[in-house]
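**Student:** One file: input18.json (JSON, C-alpha atoms and all ligand atoms).
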[["chain", "number", "residue", "atom", "x", "y", "z"],
["A", 1, "MET", "CA", -30.21, 40.28, 4.51],
["A", 2, "LEU", "CA", -29.39, 36.58, 4.46],
["A", 3, "ARG", "CA", -26.78, 35.26, 6.90],
["A", 4, "ILE", "CA", -24.67, 32.28, 5.89],
["A", 5, "ALA", "CA", -22.39, 30.44, 8.31],
["A", 6, "ILE", "CA", -19.16, 28.89, 7.06],
["A", 7, "GLN", "CA", -16.10, 27.36, 8.71],
["A", 8, "THR", "CA", -13.61, 29.91, 10.11],
["A", 9, "LYS", "CA", -10.61, 27.81, 9.20],
["A", 10, "GLY", "CA", -10.06, 24.16, 8.46],
["A", 11, "ARG", "CA", -10.70, 22.00, 5.46],
["A", 12, "LEU", "CA", -13.94, 23.54, 4.22],
["A", 13, "ASN", "CA", -13.10, 27.22, 4.71],
["A", 14, "GLU", "CA", -11.27, 27.90, 1.49],
["A", 15, "GLN", "CA", -13.59, 25.96, -0.78],
["A", 16, "SER", "CA", -16.65, 27.55, 0.85],
["A", 17, "LEU", "CA", -15.21, 31.02, 0.22],
["A", 18, "ASP", "CA", -14.23, 30.01, -3.34],
["A", 19, "LEU", "CA", -17.74, 28.78, -4.07],
["A", 20, "LEU", "CA", -19.26, 31.98, -2.71],
["A", 21, "ARG", "CA", -16.81, 34.09, -4.69],
["A", 22, "GLU", "CA", -17.56, 32.16, -7.90],
["A", 23, "ALA", "CA", -21.24, 32.77, -7.18],
["A", 24, "GLY", "CA", -20.60, 36.52, -6.99],
["A", 25, "VAL", "CA", -20.51, 36.83, -3.19],
["A", 26, "THR", "CA", -17.26, 38.44, -2.12],
["A", 27, "ILE", "CA", -15.95, 39.90, 1.10],
["A", 28, "LYS", "CA", -13.04, 42.22, 1.66],
["A", 29, "GLU", "CA", -10.33, 40.05, 3.19],
["A", 30, "GLU", "CA", -8.04, 42.70, 4.71],
["A", 31, "LYS", "CA", -9.43, 42.47, 8.19],
["A", 32, "ARG", "CA", -11.39, 39.30, 8.73],
["A", 33, "LYS", "CA", -14.09, 39.70, 11.41],
["A", 34, "PHE", "CA", -16.41, 36.97, 12.61],
["A", 35, "LEU", "CA", -19.32, 38.55, 10.73],
["A", 36, "MET", "CA", -18.75, 40.18, 7.37],
["A", 37, "ARG", "CA", -21.06, 41.79, 4.85],
["A", 38, "ALA", "CA", -20.63, 40.79, 1.19],
["A", 39, "SER", "CA", -19.96, 43.76, -1.03],
["A", 40, "ASP", "CA", -22.02, 42.61, -4.02],
["A", 41, "PHE", "CA", -24.93, 40.46, -2.78],
["A", 42, "PRO", "CA", -27.38, 40.84, 0.15],
["A", 43, "VAL", "CA", -25.56, 38.29, 2.28],
["A", 44, "GLU", "CA", -23.45, 38.40, 5.41],
["A", 45, "ILE", "CA", -20.98, 35.67, 6.25],
["A", 46, "LEU", "CA", -20.66, 34.34, 9.78],
["A", 47, "PHE", "CA", -17.42, 32.46, 10.53],
["A", 48, "LEU", "CA", -17.81, 29.57, 12.99],
["A", 49, "ARG", "CA", -16.27, 26.26, 14.01],
["A", 50, "ASP", "CA", -17.90, 23.57, 11.90],
["A", 51, "ASP", "CA", -19.25, 21.86, 15.05],
["A", 52, "ASP", "CA", -21.44, 24.91, 15.75],
["A", 53, "ILE", "CA", -22.87, 25.43, 12.27],
["A", 54, "PRO", "CA", -25.83, 22.95, 12.36],
["A", 55, "GLN", "CA", -27.13, 24.33, 15.67],
["A", 56, "THR", "CA", -26.67, 27.95, 14.60],
["A", 57, "VAL", "CA", -28.70, 27.29, 11.45],
["A", 58, "ALA", "CA", -31.34, 25.24, 13.30],
["A", 59, "MET", "CA", -31.83, 28.15, 15.75],
["A", 60, "GLY", "CA", -32.07, 30.65, 12.90],
["A", 61, "ALA", "CA", -29.03, 32.64, 14.10],
["A", 62, "ALA", "CA", -27.78, 31.98, 10.56],
["A", 63, "ASP", "CA", -30.21, 31.32, 7.71],
["A", 64, "LEU", "CA", -27.87, 29.09, 5.72],
["A", 65, "GLY", "CA", -24.68, 27.19, 6.45],
["A", 66, "ILE", "CA", -22.00, 25.29, 4.60],
["A", 67, "VAL", "CA", -20.84, 22.26, 6.57],
["A", 68, "GLY", "CA", -19.89, 18.60, 6.15],
["A", 69, "TYR", "CA", -22.91, 16.29, 6.01],
["A", 70, "ASN", "CA", -21.14, 14.22, 8.71],
["A", 71, "GLU", "CA", -21.63, 17.09, 11.19],
["A", 72, "VAL", "CA", -25.31, 17.43, 10.27],
["A", 73, "ALA", "CA", -25.87, 13.68, 10.72],
["A", 74, "GLU", "CA", -24.04, 13.59, 14.05],
["A", 75, "ARG", "CA", -25.59, 16.63, 15.69],
["A", 76, "GLY", "CA", -29.16, 15.81, 14.68],
["A", 77, "TYR", "CA", -30.48, 19.38, 14.59],
["A", 78, "ASP", "CA", -33.52, 20.22, 12.52],
["A", 79, "VAL", "CA", -32.04, 21.78, 9.38],
["A", 80, "GLU", "CA", -32.92, 21.49, 5.73],
["A", 81, "ILE", "CA", -30.33, 20.08, 3.35],
["A", 82, "MET", "CA", -30.69, 22.43, 0.39],
["A", 83, "LYS", "CA", -27.83, 21.40, -1.87],
["A", 84, "LYS", "CA", -24.91, 18.99, -2.03],
["A", 85, "LEU", "CA", -21.85, 21.03, -2.88],
["A", 86, "GLY", "CA", -19.48, 18.47, -4.38],
["A", 87, "PHE", "CA", -16.41, 19.21, -2.24],
["A", 88, "GLY", "CA", -15.11, 17.96, 1.14],
["A", 89, "GLY", "CA", -15.88, 14.39, 0.14],
["A", 90, "CYS", "CA", -15.13, 11.77, 2.80],
["A", 91, "ARG", "CA", -16.73, 8.87, 4.61],
["A", 92, "ILE", "CA", -17.07, 7.78, 8.21],
["A", 93, "SER", "CA", -15.84, 4.24, 8.54],
["A", 94, "LEU", "CA", -15.15, 1.53, 11.06],
["A", 95, "ALA", "CA", -11.51, 0.49, 11.11],
["A", 96, "ILE", "CA", -9.75, -2.25, 13.06],
["A", 97, "PRO", "CA", -6.10, -3.24, 13.69],
["A", 98, "LYS", "CA", -4.80, -4.85, 10.53],
["A", 99, "SER", "CA", -3.56, -7.89, 12.44],
["A", 100, "ASP", "CA", -7.16, -8.77, 13.43],
["A", 101, "LYS", "CA", -9.32, -11.09, 11.37],
["A", 102, "TYR", "CA", -12.59, -9.44, 10.33],
["A", 103, "ASP", "CA", -15.58, -11.70, 9.96],
["A", 104, "GLY", "CA", -18.43, -9.19, 9.65],
["A", 105, "LEU", "CA", -20.24, -6.83, 12.00],
["A", 106, "SER", "CA", -20.41, -9.36, 14.83],
["A", 107, "TYR", "CA", -16.68, -8.60, 15.25],
["A", 108, "PHE", "CA", -17.69, -5.42, 17.09],
["A", 109, "ASN", "CA", -19.86, -7.12, 19.76],
["A", 110, "GLY", "CA", -18.33, -6.39, 23.15],
["A", 111, "LYS", "CA", -15.57, -4.26, 21.64],
["A", 112, "ARG", "CA", -14.59, -0.68, 22.58],
["A", 113, "ILE", "CA", -14.84, 1.75, 19.68],
["A", 114, "ALA", "CA", -13.32, 5.24, 19.82],
["A", 115, "THR", "CA", -15.04, 7.96, 17.82],
["A", 116, "SER", "CA", -16.00, 11.61, 17.56],
["A", 117, "TYR", "CA", -19.27, 10.52, 15.92],
["A", 118, "PRO", "CA", -21.04, 8.56, 18.70],
["A", 119, "ASN", "CA", -24.59, 9.28, 17.51],
["A", 120, "VAL", "CA", -24.03, 8.14, 13.92],
["A", 121, "LEU", "CA", -22.27, 5.03, 15.23],
["A", 122, "LYS", "CA", -24.95, 4.24, 17.80],
["A", 123, "ARG", "CA", -27.66, 4.46, 15.12],
["A", 124, "PHE", "CA", -25.64, 2.15, 12.86],
["A", 125, "PHE", "CA", -25.00, -0.40, 15.62],
["A", 126, "ASP", "CA", -28.65, -0.30, 16.77],
["A", 127, "GLU", "CA", -29.88, -0.87, 13.21],
["A", 128, "ASN", "CA", -27.53, -3.83, 12.86],
["A", 129, "GLY", "CA", -28.00, -5.36, 16.30],
["A", 130, "VAL", "CA", -24.39, -4.79, 17.39],
["A", 131, "GLU", "CA", -23.67, -4.28, 21.09],
["A", 132, "ALA", "CA", -20.41, -2.44, 21.55],
["A", 133, "GLN", "CA", -19.03, 0.19, 23.92],
["A", 134, "ILE", "CA", -18.78, 3.56, 22.22],
["A", 135, "HIS", "CA", -16.06, 5.83, 23.60],
["A", 136, "THR", "CA", -16.40, 9.44, 22.55],
["A", 137, "ILE", "CA", -13.08, 11.18, 22.09],
["A", 138, "THR", "CA", -12.23, 14.37, 20.28],
["A", 139, "GLY", "CA", -8.92, 14.77, 18.56],
["A", 140, "SER", "CA", -6.73, 11.97, 17.29],
["A", 141, "VAL", "CA", -9.10, 9.02, 17.23],
["A", 142, "GLU", "CA", -6.76, 6.96, 15.05],
["A", 143, "ILE", "CA", -4.17, 6.53, 17.80],
["A", 144, "ALA", "CA", -6.69, 5.07, 20.28],
["A", 145, "PRO", "CA", -6.13, 1.35, 19.46],
["A", 146, "ALA", "CA", -2.31, 1.60, 19.65],
["A", 147, "ALA", "CA", -2.64, 3.56, 22.91],
["A", 148, "GLY", "CA", -4.81, 0.79, 24.35],
["A", 149, "LEU", "CA", -7.83, 3.11, 24.64],
["A", 150, "ALA", "CA", -10.00, 1.18, 22.21],
["A", 151, "ASP", "CA", -10.16, -1.98, 20.09],
["A", 152, "ALA", "CA", -11.31, -0.22, 16.92],
["A", 153, "ILE", "CA", -12.22, 3.23, 15.66],
["A", 154, "PHE", "CA", -15.03, 4.95, 13.79],
["A", 155, "ASP", "CA", -13.62, 8.01, 12.03],
["A", 156, "ILE", "CA", -13.47, 10.12, 8.91],
["A", 157, "VAL", "CA", -11.52, 8.61, 6.05],
["A", 158, "SER", "CA", -10.61, 10.34, 2.85],
["A", 159, "SER", "CA", -7.46, 8.97, 1.16],
["A", 160, "GLY", "CA", -7.05, 6.22, 3.77],
["A", 161, "GLY", "CA", -3.44, 7.25, 4.47],
["A", 162, "THR", "CA", -4.05, 8.00, 8.16],
["A", 163, "LEU", "CA", -5.45, 4.52, 8.75],
["A", 164, "ILE", "CA", -2.53, 2.84, 7.02],
["A", 165, "SER", "CA", 0.07, 4.80, 8.95],
["A", 166, "ASN", "CA", -1.63, 3.77, 12.20],
["A", 167, "GLY", "CA", -1.78, 0.08, 11.33],
["A", 168, "LEU", "CA", -5.54, 0.09, 10.84],
["A", 169, "VAL", "CA", -7.74, -1.26, 8.08],
["A", 170, "GLU", "CA", -11.15, 0.08, 7.00],
["A", 171, "VAL", "CA", -13.79, -2.64, 7.27],
["A", 172, "GLU", "CA", -17.17, -0.84, 7.02],
["A", 173, "GLN", "CA", -18.05, 2.44, 5.28],
["A", 174, "VAL", "CA", -21.02, 3.70, 7.26],
["A", 175, "LEU", "CA", -21.73, 7.25, 6.06],
["A", 176, "GLN", "CA", -20.75, 9.03, 2.84],
["A", 177, "SER", "CA", -20.28, 12.75, 3.30],
["A", 178, "GLU", "CA", -19.55, 15.95, 1.40],
["A", 179, "ALA", "CA", -20.07, 19.63, 2.10],
["A", 180, "VAL", "CA", -23.75, 20.59, 2.01],
["A", 181, "LEU", "CA", -25.70, 23.83, 2.06],
["A", 182, "ILE", "CA", -28.12, 23.71, 4.97],
["A", 183, "GLY", "CA", -30.95, 26.09, 5.77],
["A", 184, "THR", "CA", -33.22, 27.02, 8.68],
["A", 185, "PRO", "CA", -36.58, 25.29, 8.16],
["A", 186, "GLY", "CA", -39.36, 27.75, 7.27],
["A", 187, "LEU", "CA", -37.31, 30.72, 6.05],
["A", 188, "SER", "CA", -39.40, 33.78, 5.20],
["A", 189, "GLU", "CA", -40.40, 34.18, 1.54],
["A", 190, "GLU", "CA", -38.09, 37.18, 1.27],
["A", 191, "LYS", "CA", -35.08, 35.20, 2.52],
["A", 192, "MET", "CA", -36.05, 32.16, 0.47],
["A", 193, "ALA", "CA", -35.97, 34.31, -2.68],
["A", 194, "VAL", "CA", -32.35, 35.30, -1.98],
["A", 195, "ALA", "CA", -31.48, 31.71, -1.00],
["A", 196, "ARG", "CA", -32.96, 30.40, -4.28],
["A", 197, "GLN", "CA", -30.95, 32.94, -6.24],
["A", 198, "LEU", "CA", -27.79, 31.87, -4.44],
["A", 199, "ILE", "CA", -28.52, 28.15, -4.98],
["A", 200, "SER", "CA", -29.10, 28.74, -8.67],
["A", 201, "ARG", "CA", -25.71, 30.50, -8.88],
["A", 202, "PHE", "CA", -24.10, 27.60, -6.98],
["A", 203, "GLU", "CA", -25.64, 25.20, -9.51],
["A", 204, "SER", "CA", -24.11, 27.13, -12.40],
["A", 205, "VAL", "CA", -20.71, 27.03, -10.74],
["A", 206, "LEU", "CA", -20.99, 23.32, -9.90],
["A", 207, "LYS", "CA", -22.12, 22.40, -13.42],
["A", 208, "GLY", "CA", -18.91, 23.92, -14.78],
["A", 209, "VAL", "CA", -16.73, 21.80, -12.47],
["A", 210, "GLY", "CA", -14.96, 19.00, -14.34],
["A", 211, "LYS", "CA", -16.13, 20.27, -17.75],
["A", 212, "LYS", "CA", -14.11, 21.52, -20.72],
["A", 213, "TYR", "CA", -15.15, 23.51, -23.76],
["A", 214, "LEU", "CA", -13.95, 22.00, -27.05],
["A", 215, "LEU", "CA", -13.59, 23.85, -30.37],
["A", 216, "MET", "CA", -12.36, 22.23, -33.59],
["A", 217, "ASN", "CA", -12.45, 22.26, -37.35],
["A", 218, "LEU", "CA", -14.05, 19.22, -38.92],
["A", 219, "PRO", "CA", -14.74, 17.99, -42.45],
["A", 220, "VAL", "CA", -18.51, 18.39, -43.04],
["A", 221, "ALA", "CA", -18.56, 14.78, -44.24],
["A", 222, "ALA", "CA", -17.54, 13.64, -40.73],
["A", 223, "LEU", "CA", -20.19, 15.67, -38.91],
["A", 224, "ASP", "CA", -22.76, 12.89, -38.40],
["A", 225, "GLU", "CA", -20.14, 10.66, -36.84],
["A", 226, "ALA", "CA", -18.79, 13.49, -34.66],
["A", 227, "VAL", "CA", -22.28, 14.10, -33.25],
["A", 228, "THR", "CA", -22.43, 10.49, -32.05],
["A", 229, "ILE", "CA", -19.08, 10.95, -30.25],
["A", 230, "LEU", "CA", -19.98, 14.24, -28.55],
["A", 231, "PRO", "CA", -22.41, 14.33, -25.64],
["A", 232, "ALA", "CA", -23.36, 18.02, -25.80],
["A", 233, "MET", "CA", -25.86, 19.67, -23.49],
["A", 234, "ARG", "CA", -28.38, 19.84, -26.33],
["A", 235, "SER", "CA", -26.33, 19.21, -29.44],
["A", 236, "PRO", "CA", -22.99, 20.60, -30.54],
["A", 237, "THR", "CA", -22.86, 24.03, -32.18],
["A", 238, "VAL", "CA", -21.87, 23.79, -35.85],
["A", 239, "ILE", "CA", -20.63, 26.88, -37.68],
["A", 240, "PRO", "CA", -19.97, 26.89, -41.43],
["A", 241, "LEU", "CA", -16.49, 27.93, -42.58],
["A", 242, "ALA", "CA", -15.42, 29.81, -45.72],
["A", 243, "GLN", "CA", -14.09, 26.53, -47.07],
["A", 244, "LYS", "CA", -17.40, 24.78, -47.80],
["A", 245, "GLU", "CA", -16.26, 21.23, -47.03],
["A", 246, "TRP", "CA", -15.16, 22.23, -43.49],
["A", 247, "CYS", "CA", -17.12, 23.42, -40.46],
["A", 248, "SER", "CA", -16.28, 24.55, -36.93],
["A", 249, "LEU", "CA", -17.73, 22.51, -34.10],
["A", 250, "GLN", "CA", -18.08, 23.61, -30.46],
["A", 251, "THR", "CA", -19.24, 21.61, -27.47],
["A", 252, "VAL", "CA", -18.87, 20.88, -23.76],
["A", 253, "VAL", "CA", -17.43, 17.59, -22.54],
["A", 254, "ASP", "CA", -16.63, 15.99, -19.18],
["A", 255, "GLU", "CA", -12.96, 16.35, -18.39],
["A", 256, "LYS", "CA", -12.71, 12.65, -17.56],
["A", 257, "ASP", "CA", -13.73, 11.78, -21.15],
["A", 258, "LEU", "CA", -11.62, 14.52, -22.75],
["A", 259, "TRP", "CA", -8.71, 12.50, -24.14],
["A", 260, "SER", "CA", -10.76, 9.60, -25.45],
["A", 261, "ILE", "CA", -13.10, 12.07, -27.20],
["A", 262, "ILE", "CA", -10.17, 14.02, -28.68],
["A", 263, "GLU", "CA", -8.57, 10.83, -30.00],
["A", 264, "ARG", "CA", -11.82, 9.68, -31.62],
["A", 265, "LEU", "CA", -12.39, 13.13, -33.18],
["A", 266, "LYS", "CA", -8.86, 13.20, -34.59],
["A", 267, "ALA", "CA", -9.46, 9.77, -36.08],
["A", 268, "ILE", "CA", -12.40, 11.13, -38.12],
["A", 269, "GLY", "CA", -10.43, 14.16, -39.34],
["A", 270, "ALA", "CA", -10.84, 16.89, -36.69],
["A", 271, "GLU", "CA", -8.09, 19.52, -36.76],
["A", 272, "GLY", "CA", -7.07, 22.56, -34.73],
["A", 273, "ILE", "CA", -8.74, 21.24, -31.57],
["A", 274, "LEU", "CA", -8.84, 23.84, -28.78],
["A", 275, "VAL", "CA", -9.63, 22.86, -25.18],
["A", 276, "LEU", "CA", -10.84, 25.73, -23.01],
["A", 277, "THR", "CA", -11.58, 25.89, -19.31],
["A", 278, "LEU", "CA", -15.25, 26.32, -18.56],
["A", 279, "ASP", "CA", -16.14, 28.68, -15.75],
["A", 280, "LYS", "CA", -19.90, 28.44, -15.29],
["A", 281, "VAL", "CA", -22.86, 26.79, -16.97],
["A", 282, "VAL", "CA", -26.14, 28.72, -16.71],
["A", 283, "LEU", "CA", -29.04, 26.66, -18.02],
["B", 1, "LIG", "O1", -11.92, 23.92, 13.69],
["B", 1, "LIG", "P1", -13.16, 23.24, 13.27],
["B", 1, "LIG", "O2", -13.91, 22.57, 14.39],
["B", 1, "LIG", "O3", -14.02, 24.13, 12.43],
["B", 1, "LIG", "O4", -12.70, 22.09, 12.23],
["B", 1, "LIG", "P2", -12.40, 20.54, 12.48],
["B", 1, "LIG", "O5", -10.97, 20.40, 12.84],
["B", 1, "LIG", "O6", -13.44, 19.93, 13.38],
["B", 1, "LIG", "O7", -12.71, 19.94, 11.03],
["B", 1, "LIG", "P3", -11.78, 19.88, 9.75],
["B", 1, "LIG", "O8", -11.47, 21.26, 9.27],
["B", 1, "LIG", "O9", -10.67, 18.92, 9.94],
["B", 1, "LIG", "O10", -12.82, 19.19, 8.72],
["B", 1, "LIG", "C1", -13.97, 19.83, 8.32],
["B", 1, "LIG", "C2", -14.79, 18.87, 7.47],
["B", 1, "LIG", "O11", -14.03, 18.44, 6.35],
["B", 1, "LIG", "C3", -15.19, 17.57, 8.13],
["B", 1, "LIG", "O12", -16.31, 17.70, 8.98],
["B", 1, "LIG", "C4", -15.52, 16.70, 6.92],
["B", 1, "LIG", "O13", -16.83, 16.96, 6.47],
["B", 1, "LIG", "C5", -14.54, 17.20, 5.85],
["B", 1, "LIG", "N1", -13.41, 16.30, 5.58],
["B", 1, "LIG", "C6", -13.07, 15.83, 4.35],
["B", 1, "LIG", "C7", -12.52, 15.80, 6.46],
["B", 1, "LIG", "C8", -11.63, 15.00, 5.73],
["B", 1, "LIG", "N2", -11.99, 15.04, 4.43],
["B", 1, "LIG", "C9", -10.54, 14.33, 6.44],
["B", 1, "LIG", "N3", -9.77, 13.62, 5.80],
["B", 1, "LIG", "N4", -12.38, 15.96, 7.80],
["B", 1, "LIG", "C10", -11.36, 15.36, 8.43],
["B", 1, "LIG", "N5", -10.45, 14.54, 7.81],
["B", 1, "LIG", "C11", -9.40, 13.95, 8.72],
["B", 1, "LIG", "C12", -9.86, 12.72, 9.46],
["B", 1, "LIG", "O14", -10.42, 13.07, 10.71],
["B", 1, "LIG", "C13", -8.61, 11.88, 9.64],
["B", 1, "LIG", "O15", -7.87, 12.32, 10.75],
["B", 1, "LIG", "O16", -8.29, 13.52, 7.97],
["B", 1, "LIG", "C14", -7.83, 12.24, 8.42],
["B", 1, "LIG", "C15", -8.07, 11.17, 7.40],
["B", 1, "LIG", "O17", -7.65, 11.56, 6.17],
["B", 1, "LIG", "P4", -6.99, 10.51, 5.16],
["B", 1, "LIG", "O18", -6.91, 11.28, 3.86],
["B", 1, "LIG", "O19", -5.65, 10.15, 5.70],
["B", 1, "LIG", "O20", -7.91, 9.32, 5.06],
["B", 2, "ZN", "ZN", -14.90, 20.77, 14.28]]
Spell out the structure here as structure tokens.
Ligand code: PRT
Ligand code: ZN

**Tutor:**
Amino acid sequence: MLRIAIQTKGRLNEQSLDLLREAGVTIKEEKRKFLMRASDFPVEILFLRDDDIPQTVAMGAADLGIVGYNEVAERGYDVEIMKKLGFGGCRISLAIPKSDKYDGLSYFNGKRIATSYPNVLKRFFDENGVEAQIHTITGSVEIAPAAGLADAIFDIVSSGGTLISNGLVEVEQVLQSEAVLIGTPGLSEEKMAVARQLISRFESVLKGVGKKYLLMNLPVAALDEAVTILPAMRSPTVIPLAQKEWCSLQTVVDEKDLWSIIERLKAIGAEGILVLTLDKVVL
């Protein structure tokens, strides 16, 4: 039985559960306990505060964990990063009052910086020869400058809205983060086999994210040109139609390119274009 630790509540909880569910690992939600057995896969889910997940996995009290890379980097426990999971994206940045002039990292010499990520910040300052006072605070770091507790902050930024509403401006992006799957180093072969199976399912789910399945009818004469427009996984599937001069074409495209691809296909005669949501891609 493999034990995987995820966040009890908070920003990563829902997406961690969604990813597990999409990968065929489901738990009965009626009565949530701190440790729950999945009904359809040899996994149990341990619900923890995100702060505790790296240590729990490093100790082997959970075999795997889903947590923000920022927590892994800050806590410094010996865990293996097994997979980036593509959600929970954010960065840890240095931000200063917007009325201040910023002239590079030397700005921070002698300044007081409030943060919940003192270790990541200390490493960054040491690497860059900055000597500043790091003040560790938990909770609302962004109010520290206005409250006179610090000159600048080092905190998680995602949309940037929190900084703006506190009169701060981001000046250095120090660490890029997203949710990652971590594992205890040296898992037994038996556990590794289950972990590999789970990772391969995660990969199938993640490959389907941001992809659409396209189906259309196309004049056979336009096929060569259509193939140059469509970046299929190998090449698009072409099916003959009863009307000899027409064929049906099927392929997978990135959602971000969807409209430009559709417009180019219409321009070469594609008709009856269907766009379908793609669930998983198993290669
Ligand atoms: O209760 P528990 O200890 O488990 O949770 P928590 O309160 O410590 O963490 P939580 O749930 O807030 O965040 C969990 C993880 O989500 C973090 O460790 C990051 O990896 C990731 N994440 C992604 C974020 C954000 N985006 C984010 N925007 N974590 C926090 N924020 C906060 C940030 O601290 C700041 O206050 O949101 C604010 C900034 O957001 P913007 O959009 O205004 O820039
Ligand atoms: Zn936390």

**Student:** Write out as a CSV table (one decimal) with C-alpha atoms, keeping the file's coordinate frame the residues lying within 7 Å of range 213-229 of chain A, counting all atoms listed in the file and excluding same-chain residues fewer than 6 positions away.

**Tutor:**
chain,number,residue,atom,x,y,z
A,245,GLU,CA,-16.3,21.2,-47.0
A,246,TRP,CA,-15.2,22.2,-43.5
A,247,CYS,CA,-17.1,23.4,-40.5
A,248,SER,CA,-16.3,24.6,-36.9
A,249,LEU,CA,-17.7,22.5,-34.1
A,250,GLN,CA,-18.1,23.6,-30.5
A,251,THR,CA,-19.2,21.6,-27.5
A,252,VAL,CA,-18.9,20.9,-23.8
A,253,VAL,CA,-17.4,17.6,-22.5
A,261,ILE,CA,-13.1,12.1,-27.2
A,265,LEU,CA,-12.4,13.1,-33.2
A,268,ILE,CA,-12.4,11.1,-38.1
A,269,GLY,CA,-10.4,14.2,-39.3
A,270,ALA,CA,-10.8,16.9,-36.7
A,271,GLU,CA,-8.1,19.5,-36.8
A,272,GLY,CA,-7.1,22.6,-34.7
A,273,ILE,CA,-8.7,21.2,-31.6
A,274,LEU,CA,-8.8,23.8,-28.8
A,275,VAL,CA,-9.6,22.9,-25.2
A,276,LEU,CA,-10.8,25.7,-23.0
A,277,THR,CA,-11.6,25.9,-19.3
A,278,LEU,CA,-15.2,26.3,-18.6

**Student:** Please identify all protein, DNA and RNA residues within 6 Å of ligand LIG 1 (chain B), counting all atoms listed in the file, and report them as a compact mmCIF listing (two decimals) with C-alpha atoms, in the coordinates of the input.

**Tutor:**
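Written output follows (selection13.txt):
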# COMPACT_ATOMS: atom_id res chain seq x y z
CA GLN A 7 -16.10 27.36 8.71
CA LYS A 9 -10.61 27.81 9.20
CA GLY A 10 -10.06 24.16 8.46
CA ARG A 11 -10.70 22.00 5.46
CA LEU A 12 -13.94 23.54 4.22
CA ARG A 49 -16.27 26.26 14.01
CA ASP A 50 -17.90 23.57 11.90
CA ASP A 51 -19.25 21.86 15.05
CA GLY A 68 -19.89 18.60 6.15
CA ASN A 70 -21.14 14.22 8.71
CA GLU A 71 -21.63 17.09 11.19
CA GLY A 88 -15.11 17.96 1.14
CA GLY A 89 -15.88 14.39 0.14
CA CYS A 90 -15.13 11.77 2.80
CA ILE A 156 -13.47 10.12 8.91
CA VAL A 157 -11.52 8.61 6.05
CA SER A 158 -10.61 10.34 2.85
CA SER A 159 -7.46 8.97 1.16
CA GLY A 160 -7.05 6.22 3.77
CA GLY A 161 -3.44 7.25 4.47
CA THR A 162 -4.05 8.00 8.16
CA GLU A 178 -19.55 15.95 1.40

**Student:** Do you have the CA of Phe87 in chain A-CA of Glu29 in chain A distance handy?

**Tutor:** 22.4 Å

**Student:** I'd like to know which of A:Ala5, A:Ala73, A:Leu163, A:Leu94 is closest to Val57 in chain A, using all atoms listed in the file.

**Tutor:**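 Closest to Val57 in chain A of all the choices is A:Ala5.
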
**Student:** Is it possible to get the residues within 12 Å of (-11.3, 37.9, 11.7) (coordinates as in the file, counting only C-alpha atoms) written as a VMD selection string?

**Tutor:** chain A and resid 7 to 9 27 to 36 45 to 48

**Student:** So, with only C-alpha atoms as the atoms that count, which of A:Leu206, A:Phe108, A:Asn119, A:Gly148 lies closest to Val72 in chain A?

**Tutor:**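 Distance minimum relative to Val72 in chain A lands on A:Asn119.
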
**Student:** Distance cut-off 12 Å, centre (-14.2, 8.5, 23.2) in file coordinates, counting all atoms listed in the file: which residues qualify? Return them as a list of chain:residue names.

**Tutor:**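 Those residues, ordered by chain and then number, are A:Arg112, A:Ile113, A:Ala114, A:Thr115, A:Ser116, A:Tyr117, A:Pro118, A:Asn119, A:Leu121, A:Gln133, A:Ile134, A:His135, A:Thr136, A:Ile137, A:Thr138, A:Gly139, A:Ser140, A:Val141, A:Glu142, A:Ile143, A:Ala144, A:Pro145, A:Leu149, A:Ala150, A:Asp151, A:Ala152, A:Ile153, A:Phe154, A:Asp155.
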
**Student:** Rank nothing, just name the residue among A:Glu255, A:Asp279, A:Glu74, A:Glu203 nearest to ligand ZN 2 (chain B), using only C-alpha atoms and all ligand atoms.

**Tutor:**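 Of all the options, A:Glu74 lies closest to ligand ZN 2 (chain B).
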
**Student:** Find the residue from A:Arg75, A:Lys101, A:Lys207, A:Lys191 that sits nearest to ligand ZN 2 (chain B); use only C-alpha atoms and all ligand atoms when measuring.

**Tutor:**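 Answer, going by the shortest atom-to-atom distance: A:Arg75.
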
**Student:** So, with only C-alpha atoms as the atoms that count, which of A:Val282, A:Leu168, A:Ala147, A:Leu105 lies closest to Ala132 in chain A?

**Tutor:**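 Of the candidates, the smallest distance to Ala132 in chain A is held by A:Leu105.
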
**Student:** Looking at all atoms listed in the file, which of A:Leu258, A:Val169, A:Val180, A:Leu85 is the one that sits closest to Asp100 in chain A?

**Tutor:**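 Once distances to Asp100 in chain A are computed over all atoms listed in the file, the minimum belongs to A:Val169.
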
**Student:** Could you work out how far CA of Lys280 in chain A lies from CA of Ser39 in chain A, giving the answer in Å with one decimal?

**Tutor:**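 Calculated distance between CA of Ser39 in chain A and CA of Lys280 in chain A is 20.9 Å.
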
**Student:** I want to know what sits within 12 Å of Gly24 in chain A, based on only C-alpha atoms, with residues of the same chain fewer than 6 positions away left out; could you give that as a ChimeraX atom specification?

**Tutor:** /A:17-18,38-43,197-202,204-205,280

**Student:** Please produce a file of the residues just selected, as a compact mmCIF listing (two decimals), keeping the file's coordinate frame, where the atoms kept are C-alpha atoms.

**Tutor:**
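Here's the written file selection_0.txt:
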# COMPACT_ATOMS: atom_id res chain seq x y z
CA LEU A 17 -15.21 31.02 0.22
CA ASP A 18 -14.23 30.01 -3.34
CA ALA A 38 -20.63 40.79 1.19
CA SER A 39 -19.96 43.76 -1.03
CA ASP A 40 -22.02 42.61 -4.02
CA PHE A 41 -24.93 40.46 -2.78
CA PRO A 42 -27.38 40.84 0.15
CA VAL A 43 -25.56 38.29 2.28
CA GLN A 197 -30.95 32.94 -6.24
CA LEU A 198 -27.79 31.87 -4.44
CA ILE A 199 -28.52 28.15 -4.98
CA SER A 200 -29.10 28.74 -8.67
CA ARG A 201 -25.71 30.50 -8.88
CA PHE A 202 -24.10 27.60 -6.98
CA SER A 204 -24.11 27.13 -12.40
CA VAL A 205 -20.71 27.03 -10.74
CA LYS A 280 -19.90 28.44 -15.29
